[in-house]
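Shown next: structure13.txt, given as compact mmCIF, C-alpha atoms.
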```txt
# COMPACT_ATOMS: atom_id res chain seq x y z
CA MET G 1 130.68 94.19 -64.13
CA PHE G 2 132.73 97.34 -64.71
CA ALA G 3 133.02 99.04 -61.32
CA TYR G 4 131.75 102.37 -62.56
CA THR G 5 128.65 101.03 -64.30
CA THR G 6 126.12 102.00 -61.62
CA PRO G 7 127.50 105.56 -61.15
CA LEU G 8 127.49 106.03 -64.92
CA VAL G 9 124.00 104.61 -65.45
CA GLY G 10 122.73 106.60 -62.46
CA GLY G 11 124.24 109.74 -64.00
CA LEU G 12 122.62 109.00 -67.36
CA LEU G 13 119.21 108.63 -65.66
CA ILE G 14 119.69 111.99 -63.92
CA GLY G 15 120.53 113.50 -67.31
CA VAL G 16 117.43 111.97 -68.94
CA SER G 17 115.28 113.32 -66.11
CA ALA G 18 116.70 116.82 -66.61
CA VAL G 19 116.09 116.63 -70.37
CA ALA G 20 112.50 115.41 -69.90
CA LEU G 21 111.72 118.21 -67.45
CA LEU G 22 113.04 120.79 -69.90
CA LEU G 23 111.29 119.17 -72.87
CA PHE G 24 107.85 118.88 -71.24
CA LEU G 25 107.74 121.76 -68.77
CA GLY G 26 110.54 124.06 -69.92
CA ARG G 27 112.02 123.89 -66.44
CA ILE G 28 115.56 123.44 -65.16
CA ALA G 29 115.96 120.38 -62.92
CA GLY G 30 117.74 122.23 -60.14
CA ILE G 31 116.73 120.55 -56.91
CA ALA G 32 117.50 123.52 -54.66
CA GLY G 33 115.36 125.75 -56.87
CA ILE G 34 112.53 123.22 -57.07
CA LEU G 35 112.54 122.73 -53.29
CA TRP G 36 112.58 126.47 -52.59
CA GLY G 37 109.84 127.08 -55.15
CA ALA G 38 107.73 124.37 -53.52
CA VAL G 39 108.04 125.59 -49.93
CA SER G 40 107.71 129.28 -50.85
CA ALA G 41 104.39 128.57 -52.62
CA GLN G 42 105.21 129.72 -56.14
CA PRO G 43 102.34 129.68 -58.67
CA ASP G 44 101.88 126.53 -60.79
CA ASN G 45 103.50 124.53 -58.03
CA ALA G 46 102.02 121.02 -58.29
CA TRP G 47 104.85 119.68 -60.46
CA ARG G 48 107.42 120.79 -57.87
CA TRP G 49 105.74 118.86 -55.08
CA THR G 50 105.25 115.76 -57.23
CA PHE G 51 108.91 116.01 -58.31
CA ILE G 52 109.96 115.99 -54.65
CA LEU G 53 107.60 113.07 -54.03
CA GLY G 54 109.37 111.29 -56.89
CA LEU G 55 112.78 112.03 -55.35
CA LEU G 56 111.54 110.07 -52.33
CA ALA G 57 109.68 107.32 -54.20
CA GLY G 58 112.50 106.67 -56.70
CA PRO G 59 115.14 105.53 -54.19
CA LEU G 60 112.55 103.54 -52.21
CA ALA G 61 111.60 101.66 -55.38
CA TYR G 62 115.21 101.25 -56.49
CA HIS G 63 116.49 99.76 -53.23
CA PHE G 64 113.47 97.46 -53.05
CA VAL G 65 113.30 96.27 -56.66
CA ALA G 66 117.06 95.97 -57.25
CA ALA G 67 117.49 94.51 -53.73
CA VAL G 68 120.34 96.93 -53.05
CA PRO G 69 120.74 97.64 -49.33
CA ASN G 70 120.46 101.27 -48.14
CA PRO G 71 123.83 102.97 -47.68
CA PRO G 72 125.07 102.90 -44.07
CA PRO G 73 124.09 105.94 -41.95
CA SER G 74 126.73 108.64 -41.63
CA PRO G 75 129.11 108.20 -38.68
CA LEU G 76 129.49 111.99 -38.38
CA PRO G 77 128.03 113.82 -35.35
CA TRP G 78 124.61 115.50 -35.56
CA TRP G 79 126.01 119.01 -35.31
CA GLN G 80 128.00 118.41 -38.46
CA ALA G 81 124.73 117.53 -40.25
CA VAL G 82 123.18 120.77 -38.98
CA ALA G 83 126.22 122.87 -39.92
CA GLY G 84 126.45 121.25 -43.35
CA GLY G 85 122.74 121.69 -44.03
CA LEU G 86 122.77 125.33 -42.94
CA LEU G 87 125.75 126.17 -45.18
CA VAL G 88 124.26 124.27 -48.12
CA GLY G 89 120.95 126.11 -47.71
CA ILE G 90 122.56 129.56 -47.49
CA GLY G 91 124.97 128.82 -50.33
CA VAL G 92 122.48 127.49 -52.86
CA ARG G 93 120.19 130.50 -52.48
CA LEU G 94 123.05 133.02 -52.77
CA GLY G 95 124.71 131.09 -55.57
CA SER G 96 121.41 130.45 -57.42
CA GLY G 97 121.83 126.70 -57.69
CA CYS G 98 123.30 123.42 -56.56
CA THR G 99 124.99 120.39 -58.08
CA SER G 100 122.01 119.66 -60.32
CA GLY G 101 121.02 123.20 -61.32
CA HIS G 102 124.53 124.41 -62.09
CA GLY G 103 126.48 121.17 -62.49
CA VAL G 104 124.10 119.09 -64.59
CA CYS G 105 121.71 121.57 -66.25
CA GLY G 106 123.76 124.78 -66.37
CA ILE G 107 126.81 123.12 -67.87
CA GLY G 108 124.46 121.25 -70.20
CA ARG G 109 123.33 124.55 -71.67
CA LEU G 110 126.87 125.95 -71.64
CA SER G 111 126.15 128.69 -69.09
CA PRO G 112 129.38 130.47 -68.03
CA ARG G 113 127.80 131.28 -64.64
CA SER G 114 127.12 127.60 -64.00
CA LEU G 115 130.61 126.58 -65.06
CA VAL G 116 132.13 129.09 -62.63
CA ALA G 117 129.74 128.03 -59.84
CA THR G 118 130.47 124.33 -60.40
CA LEU G 119 134.24 124.80 -60.37
CA THR G 120 133.88 126.94 -57.23
CA PHE G 121 131.79 124.48 -55.19
CA MET G 122 133.91 121.54 -56.31
CA ALA G 123 137.02 123.42 -55.17
CA THR G 124 135.63 124.46 -51.78
CA GLY G 125 134.14 121.00 -51.25
CA ILE G 126 137.52 119.38 -51.87
CA ALA G 127 139.27 121.99 -49.70
CA THR G 128 136.78 121.43 -46.86
CA VAL G 129 137.23 117.66 -46.86
CA TYR G 130 141.00 118.13 -47.00
CA LEU G 131 140.88 120.50 -44.05
CA ILE G 132 138.65 118.23 -41.96
CA ARG G 133 140.30 114.91 -42.78
CA HIS G 134 143.96 115.86 -43.11
CA VAL G 135 144.53 119.06 -41.13
CA LEU G 136 141.97 119.42 -38.32
CA VAL G 137 142.31 115.75 -37.45
CA GLU G 138 145.82 116.49 -36.11
CA PHE G 139 144.39 118.86 -33.52
CA LEU G 140 141.52 116.70 -32.31
CA PRO G 141 141.89 114.53 -29.21
CA MET R 1 99.55 116.25 -66.61
CA LYS R 2 102.36 118.60 -65.49
CA ALA R 3 102.20 117.04 -62.05
CA LEU R 4 102.58 113.59 -63.59
CA VAL R 5 105.64 114.73 -65.55
CA GLY R 6 107.04 116.15 -62.30
CA LEU R 7 106.47 112.85 -60.50
CA LEU R 8 108.07 110.72 -63.22
CA CYS R 9 111.05 113.05 -63.63
CA GLY R 10 111.52 113.16 -59.86
CA MET R 11 111.41 109.37 -59.65
CA LEU R 12 113.91 108.97 -62.47
CA PHE R 13 116.17 111.54 -60.81
CA GLY R 14 115.83 109.80 -57.43
CA VAL R 15 116.61 106.38 -58.88
CA GLY R 16 119.66 107.92 -60.54
CA LEU R 17 120.83 109.40 -57.25
CA ALA R 18 120.38 106.17 -55.30
CA MET R 19 121.90 103.99 -58.00
CA SER R 20 124.91 106.24 -58.52
CA GLY R 21 125.92 106.40 -54.85
CA MET R 22 125.15 110.10 -54.37
CA THR R 23 122.92 109.25 -51.39
CA ASP R 24 125.89 107.63 -49.61
CA THR R 25 127.77 110.37 -47.72
CA ALA R 26 130.82 108.11 -47.31
CA LYS R 27 131.14 107.87 -51.10
CA VAL R 28 130.58 111.59 -51.64
CA LEU R 29 133.18 112.56 -49.04
CA GLY R 30 135.53 109.92 -50.46
CA PHE R 31 135.08 111.49 -53.88
CA LEU R 32 135.93 114.94 -52.52
CA ASP R 33 138.94 113.52 -50.61
CA VAL R 34 141.29 113.72 -53.59
CA THR R 35 144.48 113.62 -51.50
CA GLY R 36 143.33 110.70 -49.33
CA GLN R 37 141.69 107.39 -50.26
CA TRP R 38 140.11 108.92 -53.35
CA ILE R 39 136.89 107.24 -54.56
CA PRO R 40 136.58 108.37 -58.20
CA ASP R 41 133.14 106.74 -58.86
CA LEU R 42 131.09 109.88 -58.59
CA ALA R 43 132.94 111.62 -61.41
CA PHE R 44 131.01 109.23 -63.65
CA VAL R 45 127.69 110.47 -62.25
CA MET R 46 128.16 114.06 -63.26
CA GLY R 47 129.97 112.89 -66.39
CA GLY R 48 127.03 110.73 -67.45
CA ALA R 49 124.43 113.35 -66.60
CA VAL R 50 126.26 116.17 -68.38
CA LEU R 51 126.85 113.95 -71.41
CA VAL R 52 123.07 113.61 -71.80
CA THR R 53 122.19 117.26 -71.11
CA LEU R 54 124.99 118.65 -73.30
CA ILE R 55 123.69 116.73 -76.30
CA ALA R 56 119.92 116.77 -75.74
CA PHE R 57 119.48 120.34 -74.41
CA ARG R 58 120.66 121.76 -77.75
CA PHE R 59 117.78 120.05 -79.55
CA VAL R 60 115.19 120.84 -76.88
CA LEU R 61 116.12 124.51 -76.69
CA ARG R 62 115.71 124.87 -80.44
CA MET R 63 111.97 124.30 -79.98
CA GLN R 64 109.64 127.33 -79.86
CA LYS R 65 108.27 126.22 -76.52
CA PRO R 66 108.20 123.17 -74.24
CA LEU R 67 105.50 120.56 -74.87
CA LEU R 68 103.28 121.36 -71.88
CA ASN R 69 104.09 124.99 -71.03
CA ARG R 70 103.94 128.32 -72.84
CA ARG R 71 107.65 129.07 -72.55
CA PHE R 72 111.01 127.91 -71.27
CA SER R 73 111.87 129.22 -67.79
CA LEU R 74 115.60 129.82 -67.94
CA PRO R 75 117.85 132.07 -65.83
CA GLY R 76 118.04 135.44 -67.60
CA THR R 77 121.38 136.69 -66.37
CA SER R 78 124.83 135.65 -67.57
CA VAL R 79 126.85 138.01 -65.35
CA ILE R 80 129.33 136.40 -62.98
CA THR R 81 128.93 138.16 -59.65
CA GLY R 82 130.55 137.96 -56.25
CA ARG R 83 127.22 136.73 -54.94
CA LEU R 84 127.30 133.75 -57.35
CA VAL R 85 130.88 132.80 -56.52
CA GLY R 86 130.49 133.44 -52.80
CA GLY R 87 127.26 131.43 -52.64
CA ALA R 88 128.78 128.54 -54.59
CA ALA R 89 131.80 128.63 -52.27
CA ILE R 90 129.60 128.44 -49.15
CA PHE R 91 127.53 125.66 -50.72
CA GLY R 92 130.70 123.65 -51.46
CA ILE R 93 131.87 124.01 -47.87
CA GLY R 94 128.54 122.70 -46.60
CA TRP R 95 128.70 119.83 -49.08
CA GLY R 96 132.18 118.93 -47.79
CA VAL R 97 131.15 119.22 -44.14
CA TYR R 98 128.54 116.45 -44.29
CA GLY R 99 128.44 114.96 -47.79
CA TYR R 100 124.96 115.86 -49.00
CA CYS R 101 123.86 118.34 -51.63
CA PRO R 102 120.10 119.13 -51.80
CA GLY R 103 118.87 116.32 -54.09
CA PRO R 104 120.59 113.40 -52.36
CA ALA R 105 119.65 114.84 -48.94
CA ILE R 106 115.95 114.73 -49.88
CA SER R 107 116.22 111.25 -51.39
CA ALA R 108 118.16 109.96 -48.37
CA LEU R 109 115.27 110.94 -46.06
CA THR R 110 113.79 107.57 -47.06
CA TYR R 111 116.64 105.82 -45.18
CA LEU R 112 115.13 107.30 -42.00
CA ASP R 113 118.34 108.42 -40.31
CA ASP R 114 117.52 111.25 -37.90
CA LYS R 115 120.64 113.21 -38.88
CA THR R 116 119.39 113.42 -42.48
CA PHE R 117 116.18 115.06 -41.21
CA MET R 118 118.33 117.53 -39.25
CA PHE R 119 120.35 118.25 -42.39
CA VAL R 120 117.26 118.95 -44.50
CA ALA R 121 115.65 121.07 -41.77
CA ALA R 122 118.86 123.10 -41.38
CA MET R 123 119.07 123.44 -45.17
CA LEU R 124 115.54 124.91 -45.31
CA VAL R 125 116.43 127.29 -42.48
CA GLY R 126 119.56 128.32 -44.36
CA MET R 127 117.55 128.94 -47.53
CA ALA R 128 115.00 131.07 -45.67
CA LEU R 129 117.77 132.92 -43.85
CA SER R 130 119.63 133.81 -47.01
CA ASN R 131 116.38 134.82 -48.67
CA LYS R 132 115.55 137.10 -45.75
CA LEU R 133 118.98 138.66 -45.27
CA ALA R 134 120.12 138.82 -48.88
CA PRO R 135 117.10 138.74 -51.20
CA GLY R 136 117.71 139.12 -54.88
```
Write-out of the structure in structure tokens:
Amino acid sequence: MFAYTTPLVGGLLIGVSAVALLLFLGRIAGIAGILWGAVSAQPDNAWRWTFILGLLAGPLAYHFVAAVPNPPPSPLPWWQAVAGGLLVGIGVRLGSGCTSGHGVCGIGRLSPRSLVATLTFMATGIATVYLIRHVLVEFLP
Amino acid sequence: MKALVGLLCGMLFGVGLAMSGMTDTAKVLGFLDVTGQWIPDLAFVMGGAVLVTLIAFRFVLRMQKPLLNRRFSLPGTSVITGRLVGGAAIFGIGWGVYGYCPGPAISALTYLDDKTFMFVAAMLVGMALSNKLAPG
């Protein structure tokens, strides 16, 4: 099988999910926005919580039904998880969206803001990995 | 009914994330590591998703209203601000530090690694913090 089949099919499913959410509920499938709306008790909130439930149930079902093993746990230290999570949380609120809200949905509706945001977080993501893997590594014991 | 749509869309989204490799931090960091052992797979994830939204959103947004709600809830502003760029920049750094963005982090909770729970908890703290200190 073509090596990129599962990433491509996975991407198509994400796209179909975003289209269905817009078609039925008129909502943008931005996960950061949905999560924040859910925990900050916005009105008409049931769909947000069931969406999050689906985000959990979907992978459980996929790994079980397709008999694909879970990915290995990250070898990175716990403080890196905390630092990464904190920065992601601050950034998505300030920047009004994440990979799904800006990258998948915003670009899908040709929003200039989302295009700029997506190019920006791709660039800083690449720069961060470069810095950690190819620069800082020289200075670590 | 809306809750059922939410559940099904969330499941579809979650299956997509797991299938595509977005819930595997090693793959995500490998994708961002363009000067190292670059893993190009994940370009196909966003490529596939955007292909669908680019085509189908045009038709959906031509409708008067969505099927189960009174109106479309879309961001009203189109101004590119320092806040947008700065926030996206910070988000990208966090993504590169550990390898999760919000969706995959939530989905990966099902793998029951304690560091994923720490990531999601820190992410919620970060969201609350930014909402408190820089509302808008």
Around all the atoms of segment 111-129 of chain R listed in the file, with 8 Å of room on each side, what axis-aligned box do you get, giving centre and edge lengths in Å to one decimal, as lines of an AutoDock Vina configuration file?
```
center_x = 117.8
center_y = 119.4
center_z = -42.7
size_x = 21.6
size_y = 43.1
size_z = 25.6
```
Output the contact residues of chain G with respect to chain R at a cut-off of 6 Å, based on all atoms listed in the file, as number ranges by chain.
G: 4, 6-8, 10-15, 17, 23-27, 31-32, 46-47, 50-51, 54-56, 58-59, 62, 71, 78, 81-82, 84-95, 104, 108, 113, 117, 120-121, 124-126, 128-129
Which residues, written as JSON, numbers by chain, have at least one atom at most 7 Å from Ala38 of chain G, with all atoms listed in the file counted and residues fewer than 6 positions away on the same chain left out?
{"G": [45, 48, 49]}
Take atom CA of Ser114 of chain G and atom CA of Leu21 of chain G and report the distance between them in Å, one decimal.
18.4 Å
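The gap separating atom CA of Leu53 of chain G from atom CA of Ala41 of chain G is 15.9 Å, in Å to one decimal.
Interatomic distance, atom CA of Trp38 of chain R to atom CA of His134 of chain G: 13.0 Å.
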